[in-house]
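Q: My questions all concern the structure below.
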Amino acid sequence: MSAAALGGGWITSVRGWLGGTLAMLCAFLAGTAGFILYELDLRKHDYQILNLAGQMRVVASSLEQQANDVLSRGVLQGRSLDQSFGLFERTTAERVGLYEQIITGFANRELPAALTGRDDALRCNWDKPSTSQLDISVAQWQRYRSGLDAARGPDPSRPHTLAMANYMLANGPMLVASTEELARAFQAMMEGKLLLVRLSIVGMLAGGAIVTVIVMVLLNRAILKPLDRTVTGFTRVASGDLGFQVEEAATQEFGRMTRSFNDLSQRLHSMFGLIDHIGRGCDLRETMEFIGTAFRRFVSVDGLVLLVAAPEGGRFRVESRHGAAIAAWPDLADPLLERAVRDNTPIIAGPGTGELAVAMAKSGLKTALLLPMGSIRDGGAVLAVASAQADAYSPEHRQFLGSMATQVDAVLSRTLAMDALVVAAVQGLAKLAESRDPETGDHLVRMSLYSAFIAEELGKRPSHRDLIDPGYVRSLHRFAPMHDIGKVGIADRVLLKPGRLDDAERREMNKHPLIGAEVLRLCEQRMNELGRSVFQIGIEIAESHHEKWDGSGYPHGLKGEAIPVSARIVAVADVFDALTSKRPYKDAFSVETALGIIHQDAGSHFDPEVVEALDLVMPRVLDVYDRLKHV
């Protein structure tokens, strides 16, 4: 990771902010403490400098006073003249030496340890006024010292004491004034430094206050506001506003928190939406579509397929699917599917050599999560959630999708139970129609199989792939026998008439699509009241299987794409079987003759694409025809 990336990470991290803030505060406190200690140490130096400057002033005044005493009283404190002069000379030498040592140290900017009492010499720094005054004071002292040496005389053993005293008395005021000026310059410099220290401390305090305010603003923005927004979000979600989203925080930690909240809110919204979807009685296909759309926002879902164990065992047939990637998946026989059902445990499937892996590879999918449906006892079922990403599903995803699979399991159980009821109802209604027209028995079996074959072929095409899935094929197979259910409402004199029908009888016979559709609509209404839709394909077939592609059919004169696909398929299958079957009024046509008639009517009576599909599945059709033909 680059330094810039690391820096950016710290900039957007609450830990980085807090760590940086604490570091800044610690650095500020340490700097302030160090600065204060440093300045206190400098002030100690300043006090020593001022003390030495004061000593110089005392020495200068003492020299003048000593000279005045010698000249005015002659004898000092009752001593003899020789003793007084000797004491004067010794005292003068000591004081001159001390003054010389101090002012030389000032001039050299280094005071010896003997003067300060320190372990080492004291380095000094002067400002410009102090330096200027120091130069003046040094020059005046040098003149004073030279004049004093001249007054002492050339012989150190016989000094001219009175001359020295006169010189000291005459030049003493100058030396005292010079020394006082130097002390004042030092004092002004020290006061300036103290003022600077005060201003620095005030500046530090102001800077600290500004930093504190900035930190509080940043903390409010980075911590308090995201917390408030998240609390508001939880309140909204708790009040039922599932799916409510909070503004994502800019910092890493609270950004993760707000993203996690938004993800949780979306998941709750989707999960409760799924539960509501199920509660409203939506079928398996609608449920799969809902999952594929709603759950894709927070988990990779490029395809969903529900595989149910075939009754004969060994394979899993496609019950329902969603997503273009798995539209062409066939029924599968794969050990992973069997293991998922047997162990009742989710399994991750990836690249391999089994049928499932091959189907995934052909579809451009790299990962599939196999979720067993626990309520299916006869062979079991598996919901496969597939992704084009490798390693797409984390343990968290598996747990969440496992919860979702539980809801799908409930829909599947209900669907299978409902299918059993539908099959029973369809068989009962078909038997009712068969009892009115015994010749239709095998016809219903054959044409329903033909219809299923044609639908499977059409479902492979992009134009019909979204509509025709395995569930649609099964529904078509179940409801195709009900295409003439309306004939139960036709009088026997018309329905069972051996010869041709007259116009009035034909009009009555042509009512059977409407009668059949009405019967099934009543059934559908009852199912709708229970939140289910079961008979819709049956209604389409019963009402529209006599419509023609060119619009010349009945009962509504629908044309082309306006005719339901299910009715277009059944129309071809019904006519083909009628042509190849014996009736009281005709012999059975050969398959070739029947196909010729259907091809001739393609584009007028029949959907050309459905006729083309019939040609492609003709081997399967002939197999059924040979086994079940009734001649």
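Each chain of the structure tokens is named A, B, ... in the order shown, its residues numbered from 1; ligands are numbered from 1 in display order.
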So that I can check the surroundings of Phe106 (chain A), please list as a PDB file with N, CA and C atoms, in the first residue's frame every protein, DNA and RNA residue that reaches within 12 Å of it, counting only C-alpha atoms and ignoring chain neighbours fewer than 4 positions away.

A:
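The result, stored in result28.pdb:
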```pdb
ATOM      1  N   GLN A  48      20.834  36.297  36.732  1.00  0.00           N
ATOM      2  CA  GLN A  48      22.271  36.288  37.012  1.00  0.00           C
ATOM      3  C   GLN A  48      22.968  37.430  36.286  1.00  0.00           C
ATOM      4  N   ILE A  49      22.528  37.669  35.029  1.00  0.00           N
ATOM      5  CA  ILE A  49      23.127  38.771  34.267  1.00  0.00           C
ATOM      6  C   ILE A  49      22.812  40.102  34.936  1.00  0.00           C
ATOM      7  N   LEU A  50      21.528  40.273  35.314  1.00  0.00           N
ATOM      8  CA  LEU A  50      21.155  41.518  35.992  1.00  0.00           C
ATOM      9  C   LEU A  50      21.882  41.665  37.325  1.00  0.00           C
ATOM     10  N   LEU A  52      24.890  40.514  37.993  1.00  0.00           N
ATOM     11  CA  LEU A  52      26.268  40.927  37.701  1.00  0.00           C
ATOM     12  C   LEU A  52      26.326  42.389  37.266  1.00  0.00           C
ATOM     13  N   ALA A  53      25.292  42.805  36.488  1.00  0.00           N
ATOM     14  CA  ALA A  53      25.248  44.221  36.114  1.00  0.00           C
ATOM     15  C   ALA A  53      25.089  45.091  37.352  1.00  0.00           C
ATOM     16  N   MET A  56      28.404  45.387  39.009  1.00  0.00           N
ATOM     17  CA  MET A  56      29.235  46.390  38.343  1.00  0.00           C
ATOM     18  C   MET A  56      28.870  47.792  38.813  1.00  0.00           C
ATOM     19  N   TYR A  99      35.330  44.197  38.247  1.00  0.00           N
ATOM     20  CA  TYR A  99      34.643  44.923  37.178  1.00  0.00           C
ATOM     21  C   TYR A  99      35.166  44.463  35.820  1.00  0.00           C
ATOM     22  N   GLU A 100      36.503  44.309  35.742  1.00  0.00           N
ATOM     23  CA  GLU A 100      37.123  43.887  34.487  1.00  0.00           C
ATOM     24  C   GLU A 100      36.617  42.498  34.074  1.00  0.00           C
ATOM     25  N   GLN A 101      36.538  41.604  35.059  1.00  0.00           N
ATOM     26  CA  GLN A 101      36.106  40.238  34.756  1.00  0.00           C
ATOM     27  C   GLN A 101      34.655  40.210  34.255  1.00  0.00           C
ATOM     28  N   ILE A 102      33.796  41.016  34.905  1.00  0.00           N
ATOM     29  CA  ILE A 102      32.378  41.009  34.516  1.00  0.00           C
ATOM     30  C   ILE A 102      32.185  41.614  33.138  1.00  0.00           C
ATOM     31  N   GLU A 110      30.161  35.451  27.230  1.00  0.00           N
ATOM     32  CA  GLU A 110      30.349  34.213  27.979  1.00  0.00           C
ATOM     33  C   GLU A 110      30.849  34.553  29.367  1.00  0.00           C
ATOM     34  N   LEU A 111      30.033  34.283  30.364  1.00  0.00           N
ATOM     35  CA  LEU A 111      30.378  34.594  31.749  1.00  0.00           C
ATOM     36  C   LEU A 111      31.001  33.369  32.389  1.00  0.00           C
ATOM     37  N   PRO A 112      32.193  33.516  32.987  1.00  0.00           N
ATOM     38  CA  PRO A 112      32.867  32.373  33.617  1.00  0.00           C
ATOM     39  C   PRO A 112      32.032  31.792  34.751  1.00  0.00           C
ATOM     40  N   LEU A 115      31.910  33.492  38.163  1.00  0.00           N
ATOM     41  CA  LEU A 115      31.033  34.640  38.388  1.00  0.00           C
ATOM     42  C   LEU A 115      29.588  34.222  38.660  1.00  0.00           C
ATOM     43  N   ALA A 121      30.324  27.702  32.013  1.00  0.00           N
ATOM     44  CA  ALA A 121      30.174  29.103  31.647  1.00  0.00           C
ATOM     45  C   ALA A 121      28.767  29.371  31.137  1.00  0.00           C
ATOM     46  N   LEU A 122      28.331  30.605  31.280  1.00  0.00           N
ATOM     47  CA  LEU A 122      26.984  31.008  30.862  1.00  0.00           C
ATOM     48  C   LEU A 122      27.089  31.804  29.571  1.00  0.00           C
ATOM     49  N   ARG A 123      26.481  31.245  28.516  1.00  0.00           N
ATOM     50  CA  ARG A 123      26.478  31.939  27.237  1.00  0.00           C
ATOM     51  C   ARG A 123      25.404  33.011  27.244  1.00  0.00           C
ATOM     52  N   CYS A 124      25.717  34.156  26.652  1.00  0.00           N
ATOM     53  CA  CYS A 124      24.801  35.296  26.672  1.00  0.00           C
ATOM     54  C   CYS A 124      24.504  35.745  25.248  1.00  0.00           C
ATOM     55  N   ASN A 125      23.282  36.205  25.059  1.00  0.00           N
ATOM     56  CA  ASN A 125      22.870  36.795  23.787  1.00  0.00           C
ATOM     57  C   ASN A 125      22.272  38.158  24.071  1.00  0.00           C
ATOM     58  N   TRP A 126      22.711  39.136  23.323  1.00  0.00           N
ATOM     59  CA  TRP A 126      22.236  40.498  23.549  1.00  0.00           C
ATOM     60  C   TRP A 126      21.429  40.969  22.350  1.00  0.00           C
ATOM     61  N   SER A 130      21.190  46.500  23.630  1.00  0.00           N
ATOM     62  CA  SER A 130      22.117  46.062  24.675  1.00  0.00           C
ATOM     63  C   SER A 130      23.537  45.967  24.132  1.00  0.00           C
ATOM     64  N   THR A 131      23.666  45.449  22.906  1.00  0.00           N
ATOM     65  CA  THR A 131      24.999  45.341  22.300  1.00  0.00           C
ATOM     66  C   THR A 131      25.614  46.720  22.096  1.00  0.00           C
ATOM     67  N   GLN A 133      24.929  49.501  23.768  1.00  0.00           N
ATOM     68  CA  GLN A 133      25.307  50.081  25.063  1.00  0.00           C
ATOM     69  C   GLN A 133      26.514  49.361  25.652  1.00  0.00           C
ATOM     70  N   LEU A 134      26.596  48.045  25.426  1.00  0.00           N
ATOM     71  CA  LEU A 134      27.738  47.293  25.936  1.00  0.00           C
ATOM     72  C   LEU A 134      29.029  47.768  25.280  1.00  0.00           C
ATOM     73  N   ASP A 135      28.968  48.021  23.975  1.00  0.00           N
ATOM     74  CA  ASP A 135      30.168  48.525  23.292  1.00  0.00           C
ATOM     75  C   ASP A 135      30.604  49.863  23.888  1.00  0.00           C
ATOM     76  N   SER A 137      29.914  50.985  26.950  1.00  0.00           N
ATOM     77  CA  SER A 137      30.388  50.770  28.323  1.00  0.00           C
ATOM     78  C   SER A 137      31.781  50.149  28.329  1.00  0.00           C
ATOM     79  N   VAL A 138      32.047  49.222  27.407  1.00  0.00           N
ATOM     80  CA  VAL A 138      33.379  48.607  27.325  1.00  0.00           C
ATOM     81  C   VAL A 138      34.420  49.657  26.961  1.00  0.00           C
ATOM     82  N   LEU A 182      24.152  50.561  31.073  1.00  0.00           N
ATOM     83  CA  LEU A 182      24.232  49.164  30.654  1.00  0.00           C
ATOM     84  C   LEU A 182      23.204  48.314  31.397  1.00  0.00           C
ATOM     85  N   ALA A 183      23.045  48.561  32.701  1.00  0.00           N
ATOM     86  CA  ALA A 183      22.065  47.809  33.486  1.00  0.00           C
ATOM     87  C   ALA A 183      20.652  48.062  32.975  1.00  0.00           C
ATOM     88  N   PHE A 186      20.177  46.196  29.759  1.00  0.00           N
ATOM     89  CA  PHE A 186      19.908  44.781  30.055  1.00  0.00           C
ATOM     90  C   PHE A 186      18.498  44.595  30.599  1.00  0.00           C
TER      91      PHE A 186
END
```

Q: Using only C-alpha atoms for the distances, tell me which of A:Arg198, A:His464, A:Met24, A:Met288 is nearest to Asp409 (chain A).

A: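 Counting only C-alpha atoms, the residue closest to Asp409 (chain A) is A:Met288.
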
Q: Which distance in Å separates CA of Ala390 (chain A) and CA of Val358 (chain A), to one decimal?

A: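 So the two atoms, CA of Ala390 (chain A) and CA of Val358 (chain A), lie 15.3 Å apart.
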
Q: Determine, counting only C-alpha atoms, which protein, DNA and RNA residues have an atom within 12 Å of an atom of His397 (chain A); residues of the same chain fewer than 2 positions away are not included. Present the result as a PDB file with C-alpha atoms, in the first residue's frame.

A:
```
ATOM      1  CA  ASP A 263     -27.125  -3.050   4.641  1.00  0.00           C
ATOM      2  CA  ARG A 267     -31.843  -6.845   4.223  1.00  0.00           C
ATOM      3  CA  PHE A 295     -31.428  -9.276  -2.902  1.00  0.00           C
ATOM      4  CA  ARG A 296     -28.954  -8.345  -5.623  1.00  0.00           C
ATOM      5  CA  PHE A 298     -26.227  -6.603  -1.116  1.00  0.00           C
ATOM      6  CA  VAL A 299     -25.252 -10.058  -2.346  1.00  0.00           C
ATOM      7  CA  SER A 300     -24.037 -11.223  -5.745  1.00  0.00           C
ATOM      8  CA  VAL A 301     -26.953 -12.979  -7.465  1.00  0.00           C
ATOM      9  CA  PRO A 346     -25.228 -25.354   2.492  1.00  0.00           C
ATOM     10  CA  ILE A 348     -20.202 -23.934  -2.005  1.00  0.00           C
ATOM     11  CA  ALA A 368     -22.820 -21.356  -6.539  1.00  0.00           C
ATOM     12  CA  LEU A 369     -24.212 -21.639  -3.035  1.00  0.00           C
ATOM     13  CA  LEU A 371     -29.059 -24.335  -0.104  1.00  0.00           C
ATOM     14  CA  VAL A 385     -27.679 -19.078  -5.797  1.00  0.00           C
ATOM     15  CA  ASP A 391     -15.515 -16.863  -3.871  1.00  0.00           C
ATOM     16  CA  ALA A 392     -18.623 -14.682  -3.913  1.00  0.00           C
ATOM     17  CA  TYR A 393     -20.232 -15.911  -0.702  1.00  0.00           C
ATOM     18  CA  SER A 394     -18.786 -15.254   2.741  1.00  0.00           C
ATOM     19  CA  PRO A 395     -20.035 -17.027   5.894  1.00  0.00           C
ATOM     20  CA  GLN A 399     -26.189 -17.347   6.870  1.00  0.00           C
ATOM     21  CA  PHE A 400     -28.329 -14.620   5.321  1.00  0.00           C
ATOM     22  CA  LEU A 401     -29.138 -16.607   2.190  1.00  0.00           C
ATOM     23  CA  GLY A 402     -29.887 -19.606   4.389  1.00  0.00           C
ATOM     24  CA  SER A 403     -32.579 -17.526   6.108  1.00  0.00           C
ATOM     25  CA  MET A 404     -33.915 -16.533   2.710  1.00  0.00           C
ATOM     26  CA  ALA A 405     -33.919 -20.165   1.592  1.00  0.00           C
TER      27      ALA A 405
END
```

Q: If we count only C-alpha atoms, what is near region 567-578 of chain A at a cut-off of 9 Å, once residues fewer than 6 positions away on the same chain are taken out, given as a PyMOL selection string?

A: chain A and resi 443-444+446-452+454-455+476+480+483+537+540-549+588-589+591+594-595+597-598+605-607+610-611+614+625

Q: Work out how far CA of Glu457 (chain A) is from CA of Asp626 (chain A), in Å to one decimal.

A: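 About the pair CA of Asp626 (chain A) and CA of Glu457 (chain A): they are 20.8 Å apart.
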
Q: What lies within 9 Å of Glu338 (chain A) using only C-alpha atoms, ignoring chain neighbours under 6 positions off, as a PDB file with C-alpha atoms, in the first residue's frame?

A:
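Produced file selection24.pdb, reproduced below:
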```
ATOM      1  CA  ALA A 309     -35.239 -34.350  -7.016  1.00  0.00           C
ATOM      2  CA  GLY A 314     -30.650 -39.801  -9.632  1.00  0.00           C
ATOM      3  CA  ARG A 315     -31.397 -36.394 -11.132  1.00  0.00           C
ATOM      4  CA  PHE A 316     -32.634 -33.005 -10.052  1.00  0.00           C
ATOM      5  CA  GLY A 379     -35.748 -36.812  -2.639  1.00  0.00           C
ATOM      6  CA  GLY A 380     -35.276 -33.233  -1.490  1.00  0.00           C
ATOM      7  CA  VAL A 382     -31.837 -27.451  -3.576  1.00  0.00           C
TER       8      VAL A 382
END
```

Q: Can you check which residues of region 22-208 of chain A DSSP gives as strand (DSSP E) on the backbone and send them as a list in words?

A: Glu110, Leu111, Leu122 and Arg123 of chain A

Q: If you measure from CA of Pro330 (chain A) to CA of Val621 (chain A), what distance in Å do you get, rounded to one decimal?

A: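 One can read the CA of Pro330 (chain A) to CA of Val621 (chain A) distance as 20.1 Å.
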
Q: May I have the residues within 12 Å of Ala67 (chain A) as a PyMOL selection string, using only C-alpha atoms and disregarding those fewer than 6 positions away in the same chain?

A: chain A and resi 60-61+73-76+84-85+87-89+91-92+148+161-173

Q: Which residue out of A:Thr232, A:His477, A:Thr21, A:Ala151 has the minimum interatomic distance to Ile214 (chain A) when only C-alpha atoms are used?

A: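 Checking each of A:Thr232, A:His477, A:Thr21, A:Ala151 against Ile214 (chain A), counting only C-alpha atoms, the winner is A:Thr21.
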
Q: Could you list, as number ranges by chain, every residue within 10 Å of Ala324 (chain A), counting only C-alpha atoms and ignoring same-chain residues fewer than 3 positions away?

A: A: 302-304, 321, 327-328, 363, 462, 465-466
